[in-house]
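Peer 1: mmCIF, C-alpha atoms; chains and numbers go by the auth columns, file upload-v7.cif:
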```cif
data_data
loop_
_atom_site.group_PDB
_atom_site.id
_atom_site.type_symbol
_atom_site.label_atom_id
_atom_site.label_comp_id
_atom_site.label_asym_id
_atom_site.label_seq_id
_atom_site.Cartn_x
_atom_site.Cartn_y
_atom_site.Cartn_z
_atom_site.B_iso_or_equiv
_atom_site.auth_seq_id
_atom_site.auth_asym_id
ATOM 1 C CA PRO A 1 7.277 50.252 -1.051 0.00 1 N
ATOM 2 C CA ALA A 2 6.667 49.563 -4.700 0.00 2 N
ATOM 3 C CA GLU A 3 8.536 46.250 -4.257 0.00 3 N
ATOM 4 C CA ARG A 4 6.254 45.080 -1.418 0.00 4 N
ATOM 5 C CA TYR A 5 3.448 42.605 -1.999 0.00 5 N
ATOM 6 C CA ALA A 6 -0.013 44.152 -2.290 0.00 6 N
ATOM 7 C CA SER A 7 -1.526 41.424 -0.149 0.00 7 N
ATOM 8 C CA ALA A 8 -0.810 38.214 1.699 0.00 8 N
ATOM 9 C CA GLN A 9 -2.363 36.326 -1.225 0.00 9 N
ATOM 10 C CA ALA A 10 0.173 37.881 -3.598 0.00 10 N
ATOM 11 C CA LEU A 11 2.995 36.707 -1.326 0.00 11 N
ATOM 12 C CA ALA A 12 1.467 33.219 -1.126 0.00 12 N
ATOM 13 C CA ASP A 13 1.178 33.105 -4.914 0.00 13 N
ATOM 14 C CA ASP A 14 4.833 34.018 -5.331 0.00 14 N
ATOM 15 C CA LEU A 15 5.886 31.378 -2.790 0.00 15 N
ATOM 16 C CA ARG A 16 3.909 28.789 -4.730 0.00 16 N
ATOM 17 C CA ARG A 17 5.538 29.911 -7.968 0.00 17 N
ATOM 18 C CA TYR A 18 8.980 29.686 -6.341 0.00 18 N
ATOM 19 C CA LEU A 19 8.377 26.150 -5.087 0.00 19 N
ATOM 20 C CA GLU A 20 7.181 25.149 -8.544 0.00 20 N
ATOM 21 C CA HIS A 21 10.328 26.664 -10.115 0.00 21 N
ATOM 22 C CA ARG A 22 8.243 29.252 -11.971 0.00 22 N
ATOM 23 C CA PRO A 23 9.123 32.978 -12.212 0.00 23 N
ATOM 24 C CA VAL A 24 8.022 34.967 -9.187 0.00 24 N
ATOM 25 C CA GLU A 25 6.334 38.315 -9.700 0.00 25 N
ATOM 26 C CA ALA A 26 8.651 40.162 -7.327 0.00 26 N
ATOM 27 C CA ARG A 27 11.754 39.440 -9.449 0.00 27 N
ATOM 28 C CA GLY A 28 10.472 41.012 -12.689 0.00 28 N
ATOM 29 C CA ASP A 29 10.801 39.617 -16.173 0.00 29 N
ATOM 30 C CA SER A 30 14.537 39.824 -17.013 0.00 30 N
ATOM 31 C CA ALA A 31 15.587 37.346 -19.704 0.00 31 N
ATOM 32 C CA GLY A 32 18.300 35.787 -17.536 0.00 32 N
ATOM 33 C CA TYR A 33 15.937 35.260 -14.625 0.00 33 N
ATOM 34 C CA LEU A 34 13.160 33.794 -16.765 0.00 34 N
ATOM 35 C CA LEU A 35 15.632 31.475 -18.493 0.00 35 N
ATOM 36 C CA ALA A 36 17.051 30.259 -15.188 0.00 36 N
ATOM 37 C CA ARG A 37 13.573 29.472 -13.860 0.00 37 N
ATOM 38 C CA PHE A 38 12.637 27.697 -17.101 0.00 38 N
ATOM 39 C CA VAL A 39 15.739 25.522 -16.892 0.00 39 N
ATOM 40 C CA ARG A 40 14.958 24.620 -13.275 0.00 40 N
ATOM 41 C CA ARG A 41 11.379 23.647 -14.171 0.00 41 N
ATOM 42 C CA HIS A 42 12.348 21.598 -17.219 0.00 42 N
ATOM 43 C CA ARG A 43 15.731 20.166 -16.307 0.00 43 N
ATOM 44 C CA ALA A 44 15.195 16.806 -18.021 0.00 44 N
ATOM 45 C CA ALA A 45 14.005 18.361 -21.281 0.00 45 N
ATOM 46 C CA VAL A 46 16.774 20.968 -21.270 0.00 46 N
ATOM 47 C CA ALA A 47 19.399 18.301 -20.532 0.00 47 N
ATOM 48 C CA ALA A 48 18.074 16.126 -23.354 0.00 48 N
ATOM 49 C CA GLY A 49 18.103 19.104 -25.693 0.00 49 N
ATOM 50 C CA ALA A 50 21.659 19.909 -24.697 0.00 50 N
ATOM 51 C CA LEU A 51 22.719 16.318 -25.402 0.00 51 N
ATOM 52 C CA VAL A 52 21.056 16.423 -28.814 0.00 52 N
ATOM 53 C CA ALA A 53 22.737 19.732 -29.589 0.00 53 N
ATOM 54 C CA ALA A 54 26.105 18.354 -28.455 0.00 54 N
ATOM 55 C CA ALA A 55 25.599 15.263 -30.618 0.00 55 N
ATOM 56 C CA VAL A 56 24.775 17.410 -33.631 0.00 56 N
ATOM 57 C CA VAL A 57 27.846 19.588 -33.051 0.00 57 N
ATOM 58 C CA ALA A 58 30.019 16.485 -32.600 0.00 58 N
ATOM 59 C CA GLY A 59 28.533 14.937 -35.733 0.00 59 N
ATOM 60 C CA VAL A 60 29.214 18.033 -37.784 0.00 60 N
ATOM 61 C CA ALA A 61 32.761 18.203 -36.408 0.00 61 N
ATOM 62 C CA GLY A 62 33.263 14.508 -37.218 0.00 62 N
ATOM 63 C CA VAL A 63 32.062 14.966 -40.793 0.00 63 N
ATOM 64 C CA ALA A 64 34.324 17.991 -41.205 0.00 64 N
ATOM 65 C CA TRP A 65 37.284 16.029 -39.822 0.00 65 N
ATOM 66 C CA GLN A 66 36.595 13.093 -42.146 0.00 66 N
ATOM 67 C CA ALA A 67 36.303 15.465 -45.099 0.00 67 N
ATOM 68 C CA ARG A 68 39.645 17.041 -44.206 0.00 68 N
ATOM 69 C CA ILE A 69 41.302 13.619 -43.922 0.00 69 N
ATOM 70 C CA ALA A 70 39.806 12.601 -47.273 0.00 70 N
ATOM 71 C CA ARG A 71 41.127 15.784 -48.896 0.00 71 N
ATOM 72 C CA GLU A 72 44.602 15.209 -47.437 0.00 72 N
ATOM 73 C CA GLU A 73 44.651 11.576 -48.582 0.00 73 N
ATOM 74 C CA GLY A 74 43.435 12.619 -52.023 0.00 74 N
ATOM 75 C CA ALA A 75 46.187 15.223 -52.252 0.00 75 N
ATOM 76 C CA ARG A 76 48.829 12.667 -51.256 0.00 76 N
ATOM 77 C CA ALA A 77 47.530 10.120 -53.762 0.00 77 N
ATOM 78 C CA LYS A 78 47.610 12.776 -56.492 0.00 78 N
ATOM 79 C CA ALA A 79 51.172 13.753 -55.555 0.00 79 N
ATOM 80 C CA VAL A 80 52.302 10.110 -55.766 0.00 80 N
ATOM 81 C CA SER A 81 50.474 9.582 -59.054 0.00 81 N
ATOM 82 C CA ASN A 82 51.913 12.735 -60.599 0.00 82 N
ATOM 83 C CA PHE A 83 55.410 11.871 -59.432 0.00 83 N
ATOM 84 C CA MET A 84 55.322 8.360 -60.887 0.00 84 N
ATOM 85 C CA ALA A 85 53.807 9.675 -64.133 0.00 85 N
ATOM 86 C CA ASP A 86 56.675 12.146 -64.450 0.00 86 N
ATOM 87 C CA ILE A 87 59.209 9.366 -63.973 0.00 87 N
ATOM 88 C CA PHE A 88 57.685 7.193 -66.687 0.00 88 N
ATOM 89 C CA ARG A 89 57.252 10.202 -68.948 0.00 89 N
ATOM 90 C CA ALA A 90 61.031 10.475 -68.918 0.00 90 N
ATOM 91 C CA ASN A 91 61.070 7.167 -70.800 0.00 91 N
ATOM 92 C CA SER A 92 58.542 8.275 -73.436 0.00 92 N
ATOM 93 C CA THR A 93 59.093 9.453 -77.001 0.00 93 N
ATOM 94 C CA ASP A 94 58.536 13.028 -75.781 0.00 94 N
ATOM 95 C CA ASN A 95 61.999 12.868 -74.241 0.00 95 N
ATOM 96 C CA SER A 96 64.669 15.101 -75.784 0.00 96 N
ATOM 97 C CA ASP A 97 66.624 11.950 -76.605 0.00 97 N
ATOM 98 C CA PRO A 98 63.953 9.349 -77.579 0.00 98 N
ATOM 99 C CA ALA A 99 66.467 6.662 -78.480 0.00 99 N
ATOM 100 C CA LYS A 100 68.146 6.884 -75.097 0.00 100 N
ATOM 101 C CA ALA A 101 64.767 7.015 -73.362 0.00 101 N
ATOM 102 C CA ARG A 102 63.606 3.844 -75.081 0.00 102 N
ATOM 103 C CA ALA A 103 66.833 2.114 -74.046 0.00 103 N
ATOM 104 C CA THR A 104 66.259 2.924 -70.374 0.00 104 N
ATOM 105 C CA THR A 105 65.658 -0.284 -68.444 0.00 105 N
ATOM 106 C CA ALA A 106 63.062 -0.798 -65.753 0.00 106 N
ATOM 107 C CA ARG A 107 65.883 -0.988 -63.211 0.00 107 N
ATOM 108 C CA GLU A 108 67.265 2.353 -64.354 0.00 108 N
ATOM 109 C CA LEU A 109 63.812 3.881 -64.261 0.00 109 N
ATOM 110 C CA LEU A 110 63.370 2.804 -60.645 0.00 110 N
ATOM 111 C CA ASP A 111 66.818 4.154 -59.793 0.00 111 N
ATOM 112 C CA ILE A 112 65.807 7.503 -61.306 0.00 112 N
ATOM 113 C CA GLY A 113 62.552 7.495 -59.361 0.00 113 N
ATOM 114 C CA ARG A 114 64.268 6.687 -56.101 0.00 114 N
ATOM 115 C CA SER A 115 66.810 9.444 -56.555 0.00 115 N
ATOM 116 C CA ARG A 116 64.220 12.026 -57.576 0.00 116 N
ATOM 117 C CA ALA A 117 61.901 11.061 -54.715 0.00 117 N
ATOM 118 C CA ALA A 118 64.555 11.978 -52.162 0.00 118 N
ATOM 119 C CA ARG A 119 64.929 15.373 -53.823 0.00 119 N
ATOM 120 C CA ASP A 120 61.470 16.289 -55.094 0.00 120 N
ATOM 121 C CA LEU A 121 59.384 14.912 -52.222 0.00 121 N
ATOM 122 C CA ALA A 122 61.534 16.049 -49.318 0.00 122 N
ATOM 123 C CA ALA A 123 58.842 18.563 -48.349 0.00 123 N
ATOM 124 C CA ASN A 124 56.096 15.930 -48.567 0.00 124 N
ATOM 125 C CA PRO A 125 57.293 12.992 -46.438 0.00 125 N
ATOM 126 C CA GLU A 126 53.904 11.240 -46.568 0.00 126 N
ATOM 127 C CA ALA A 127 54.016 11.084 -50.358 0.00 127 N
ATOM 128 C CA HIS A 128 57.726 10.223 -50.188 0.00 128 N
ATOM 129 C CA GLN A 129 57.152 7.140 -48.053 0.00 129 N
ATOM 130 C CA GLN A 130 54.331 5.985 -50.340 0.00 130 N
ATOM 131 C CA VAL A 131 56.555 6.329 -53.419 0.00 131 N
ATOM 132 C CA LEU A 132 59.333 4.415 -51.648 0.00 132 N
ATOM 133 C CA LEU A 133 56.881 1.644 -50.756 0.00 133 N
ATOM 134 C CA LEU A 134 55.888 1.320 -54.403 0.00 134 N
ATOM 135 C CA ILE A 135 59.462 1.448 -55.707 0.00 135 N
ATOM 136 C CA GLY A 136 60.602 -1.105 -53.132 0.00 136 N
ATOM 137 C CA ARG A 137 57.904 -3.529 -54.233 0.00 137 N
ATOM 138 C CA LEU A 138 58.844 -3.035 -57.889 0.00 138 N
ATOM 139 C CA TYR A 139 62.507 -3.746 -57.141 0.00 139 N
ATOM 140 C CA TYR A 140 61.412 -6.940 -55.435 0.00 140 N
ATOM 141 C CA GLU A 141 59.266 -7.918 -58.445 0.00 141 N
ATOM 142 C CA LEU A 142 62.329 -7.456 -60.655 0.00 142 N
ATOM 143 C CA ASP A 143 64.320 -9.844 -58.471 0.00 143 N
ATOM 144 C CA LEU A 144 66.354 -6.978 -57.047 0.00 144 N
ATOM 145 C CA ALA A 145 65.791 -7.707 -53.368 0.00 145 N
ATOM 146 C CA ALA A 146 69.059 -6.051 -52.306 0.00 146 N
ATOM 147 C CA GLU A 147 67.938 -2.744 -53.835 0.00 147 N
ATOM 148 C CA GLY A 148 64.492 -3.291 -52.358 0.00 148 N
ATOM 149 C CA ALA A 149 66.052 -3.659 -48.911 0.00 149 N
ATOM 150 C CA LYS A 150 67.894 -0.350 -49.360 0.00 150 N
ATOM 151 C CA VAL A 151 64.591 1.334 -50.244 0.00 151 N
ATOM 152 C CA ASP A 152 62.949 -0.320 -47.216 0.00 152 N
ATOM 153 C CA ARG A 153 65.596 1.270 -45.002 0.00 153 N
ATOM 154 C CA GLU A 154 65.076 4.673 -46.630 0.00 154 N
ATOM 155 C CA ARG A 155 61.330 4.374 -46.030 0.00 155 N
ATOM 156 C CA ILE A 156 61.892 3.355 -42.425 0.00 156 N
ATOM 157 C CA ALA A 157 63.904 6.550 -41.879 0.00 157 N
ATOM 158 C CA VAL A 158 61.083 8.653 -43.364 0.00 158 N
ATOM 159 C CA LEU A 159 58.416 6.869 -41.303 0.00 159 N
ATOM 160 C CA ARG A 160 60.445 7.176 -38.127 0.00 160 N
ATOM 161 C CA ALA A 161 60.578 10.944 -38.624 0.00 161 N
ATOM 162 C CA LEU A 162 56.850 11.008 -39.443 0.00 162 N
ATOM 163 C CA ASP A 163 55.402 8.654 -36.836 0.00 163 N
ATOM 164 C CA GLY A 164 58.133 7.959 -34.295 0.00 164 N
ATOM 165 C CA GLY A 165 56.678 4.447 -33.926 0.00 165 N
ATOM 166 C CA GLY A 166 53.393 2.665 -34.554 0.00 166 N
ATOM 167 C CA THR A 167 52.100 0.056 -36.953 0.00 167 N
ATOM 168 C CA ARG A 168 53.333 1.606 -40.197 0.00 168 N
ATOM 169 C CA LEU A 169 56.900 1.588 -38.932 0.00 169 N
ATOM 170 C CA ALA A 170 56.400 -1.991 -37.729 0.00 170 N
ATOM 171 C CA GLN A 171 55.098 -3.025 -41.158 0.00 171 N
ATOM 172 C CA ALA A 172 58.102 -1.381 -42.820 0.00 172 N
ATOM 173 C CA HIS A 173 60.471 -3.399 -40.617 0.00 173 N
ATOM 174 C CA ALA A 174 58.541 -6.568 -41.516 0.00 174 N
ATOM 175 C CA ASN A 175 59.005 -5.701 -45.208 0.00 175 N
ATOM 176 C CA LEU A 176 62.716 -5.187 -44.625 0.00 176 N
ATOM 177 C CA ALA A 177 62.954 -8.550 -42.855 0.00 177 N
ATOM 178 C CA GLY A 178 61.422 -10.231 -45.916 0.00 178 N
ATOM 179 C CA SER A 179 63.790 -8.474 -48.311 0.00 179 N
ATOM 180 C CA LEU A 180 66.833 -9.380 -46.218 0.00 180 N
ATOM 181 C CA THR A 181 65.695 -13.005 -45.999 0.00 181 N
ATOM 182 C CA THR A 182 65.622 -13.110 -49.802 0.00 182 N
ATOM 183 C CA THR A 183 69.130 -11.635 -50.041 0.00 183 N
ATOM 184 C CA GLY A 184 70.470 -14.169 -47.539 0.00 184 N
ATOM 185 C CA ASP A 185 71.229 -11.612 -44.816 0.00 185 N
ATOM 186 C CA ILE A 186 69.970 -13.849 -42.036 0.00 186 N
ATOM 187 C CA ALA A 187 71.224 -11.762 -39.124 0.00 187 N
ATOM 188 C CA GLY A 188 69.788 -8.585 -40.646 0.00 188 N
ATOM 189 C CA ALA A 189 66.450 -10.302 -41.252 0.00 189 N
ATOM 190 C CA ALA A 190 66.319 -11.498 -37.635 0.00 190 N
ATOM 191 C CA SER A 191 67.047 -8.009 -36.342 0.00 191 N
ATOM 192 C CA ALA A 192 64.430 -6.360 -38.585 0.00 192 N
ATOM 193 C CA ALA A 193 61.795 -8.972 -37.721 0.00 193 N
ATOM 194 C CA ALA A 194 62.439 -8.638 -33.980 0.00 194 N
ATOM 195 C CA GLU A 195 62.132 -4.848 -34.292 0.00 195 N
ATOM 196 C CA ALA A 196 58.862 -5.217 -36.189 0.00 196 N
ATOM 197 C CA LEU A 197 57.391 -7.470 -33.497 0.00 197 N
ATOM 198 C CA ALA A 198 58.521 -5.111 -30.730 0.00 198 N
ATOM 199 C CA LEU A 199 56.896 -2.159 -32.509 0.00 199 N
ATOM 200 C CA PHE A 200 53.655 -4.068 -33.028 0.00 200 N
ATOM 201 C CA GLU A 201 53.577 -4.977 -29.334 0.00 201 N
ATOM 202 C CA ALA A 202 54.301 -1.389 -28.282 0.00 202 N
ATOM 203 C CA ALA A 203 51.415 -0.216 -30.495 0.00 203 N
ATOM 204 C CA GLY A 204 49.052 -2.795 -28.962 0.00 204 N
ATOM 205 C CA GLU A 205 48.552 -4.406 -32.371 0.00 205 N
ATOM 206 C CA ALA A 206 48.018 -8.177 -32.424 0.00 206 N
ATOM 207 C CA ARG A 207 46.073 -8.814 -35.652 0.00 207 N
ATOM 208 C CA ASP A 208 48.086 -7.147 -38.391 0.00 208 N
ATOM 209 C CA PRO A 209 48.955 -9.672 -41.161 0.00 209 N
ATOM 210 C CA ALA A 210 52.522 -8.323 -41.196 0.00 210 N
ATOM 211 C CA ILE A 211 53.000 -9.875 -37.737 0.00 211 N
ATOM 212 C CA GLY A 212 52.853 -13.298 -39.392 0.00 212 N
ATOM 213 C CA ASP A 213 55.433 -12.176 -41.959 0.00 213 N
ATOM 214 C CA ALA A 214 57.741 -10.951 -39.203 0.00 214 N
ATOM 215 C CA LEU A 215 57.351 -14.185 -37.229 0.00 215 N
ATOM 216 C CA ALA A 216 58.087 -16.247 -40.337 0.00 216 N
ATOM 217 C CA ALA A 217 61.219 -14.209 -41.084 0.00 217 N
ATOM 218 C CA LEU A 218 62.392 -14.413 -37.467 0.00 218 N
ATOM 219 C CA GLY A 219 61.707 -18.145 -37.239 0.00 219 N
ATOM 220 C CA ASN A 220 63.546 -18.801 -40.491 0.00 220 N
ATOM 221 C CA ALA A 221 66.547 -16.795 -39.288 0.00 221 N
ATOM 222 C CA GLN A 222 66.580 -18.599 -35.955 0.00 222 N
ATOM 223 C CA ARG A 223 66.796 -21.945 -37.757 0.00 223 N
ATOM 224 C CA TYR A 224 70.355 -20.910 -38.618 0.00 224 N
ATOM 225 C CA LEU A 225 71.240 -18.655 -35.710 0.00 225 N
ATOM 226 C CA GLU A 226 69.353 -20.104 -32.717 0.00 226 N
ATOM 227 C CA PRO A 227 67.698 -23.407 -33.669 0.00 227 N
ATOM 228 C CA ALA A 228 66.378 -23.964 -30.142 0.00 228 N
ATOM 229 C CA LYS A 229 64.206 -20.853 -30.421 0.00 229 N
ATOM 230 C CA ALA A 230 62.983 -21.386 -33.971 0.00 230 N
ATOM 231 C CA VAL A 231 60.226 -23.867 -33.111 0.00 231 N
ATOM 232 C CA ASP A 232 58.719 -21.659 -30.425 0.00 232 N
ATOM 233 C CA THR A 233 58.793 -18.606 -32.709 0.00 233 N
ATOM 234 C CA LEU A 234 57.090 -20.403 -35.592 0.00 234 N
ATOM 235 C CA ARG A 235 54.381 -21.682 -33.229 0.00 235 N
ATOM 236 C CA ARG A 236 53.412 -18.170 -32.065 0.00 236 N
#
```
Take the structure in the file and give it back as structure tokens.

Peer 2:
Amino acid sequence: PAERYASAQALADDLRRYLEHRPVEARGDSAGYLLARFVRRHRAAVAAGALVAAAVVAGVAGVAWQARIAREEGARAKAVSNFMADIFRANSTDNSDPAKARATTARELLDIGRSRAARDLAANPEAHQQVLLLIGRLYYELDLAAEGAKVDRERIAVLRALDGGGTRLAQAHANLAGSLTTTGDIAGAASAAAEALALFEAAGEARDPAIGDALAALGNAQRYLEPAKAVDTLRR
């Protein structure tokens, strides 16, 4: 009986409240019920508020993700910097044998760095591949393209384990194609360039500058191996 309406007017008032999506007197004032009625009455405002809240949460998550990536990249850069500093420190007067250290050539220093990278950076493949990229370029600058090509292959193995595919692996193959072109390994250059182009295509990448390097290496190789294809390749 206590749950019955006191009058017909009370019932009519509750019906009006129900149709207007406002709390009805007969249901009481529980938080869940009042919240549900409020949401029904203000759907647009609640939806907009939810979108704003979602955007804020997404924004915070995005900032946190970017901060984490920045920290990881900073840690990798520091690892590479520290590693290279240690290598050059071996050639300083602080060495136990300063005379021998001073006699160490740039080529020998790079050989030491390459060997130590394989050992000391095995647990940090991202830093390892960055060190190999730097050492490979230095070999090339010293006119040691054959050694640079060996380093390119070592880096490709590290990147393949890291990425499985993608643009970085494609770029590494393009670098290898350039090194092999310099050494005169035409067939090897053609193979590396073709692999680079295939990887770029698989990754959906069409604007990377290394694509032009790979095409140039492939076209140059085809001038000797398949002259009929060279013109079409160089026109791509």

Peer 1: Can you translate the PyMOL selection byres ((chain N and resi 187-199) around 7) into the concrete residues it hits in this file, as a ChimeraX atom specification?

Peer 2: /N:165-167,170-171,173-174,176-178,180-181,185-186,200-203,211,214-215,217-218,221

Peer 1: Using all atoms listed in the file, which of the listed residues (N:Asp232, N:Ser179, N:Gly204, N:Arg119) sits closest to Ala145 of chain N?

Peer 2: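 That would be N:Ser179, the residue with the smallest distance to Ala145 of chain N.
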
Peer 1: Interatomic distance between atom CA of Leu225 of chain N and atom CA of Ala149 of chain N?

Peer 2: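 Straight-line distance from atom CA of Leu225 of chain N to atom CA of Ala149 of chain N works out to 20.6 Å.
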
Peer 1: Work out how far atom CA of Asn124 of chain N is from atom CA of Leu162 of chain N, in Å to one decimal.

Peer 2: 10.4 Å

Peer 1: So how far away is atom CA of Thr105 of chain N from atom CA of Asn175 of chain N, in Å?

Peer 2: 24.8 Å

Peer 1: Please evaluate the PyMOL selection byres ((chain N and resi 154) around 12) against the structure above and give the resulting residues as a ChimeraX atom specification.

Peer 2: /N:114-115,117-118,125,128-133,135-136,147-153,155-161,169,172-173,176
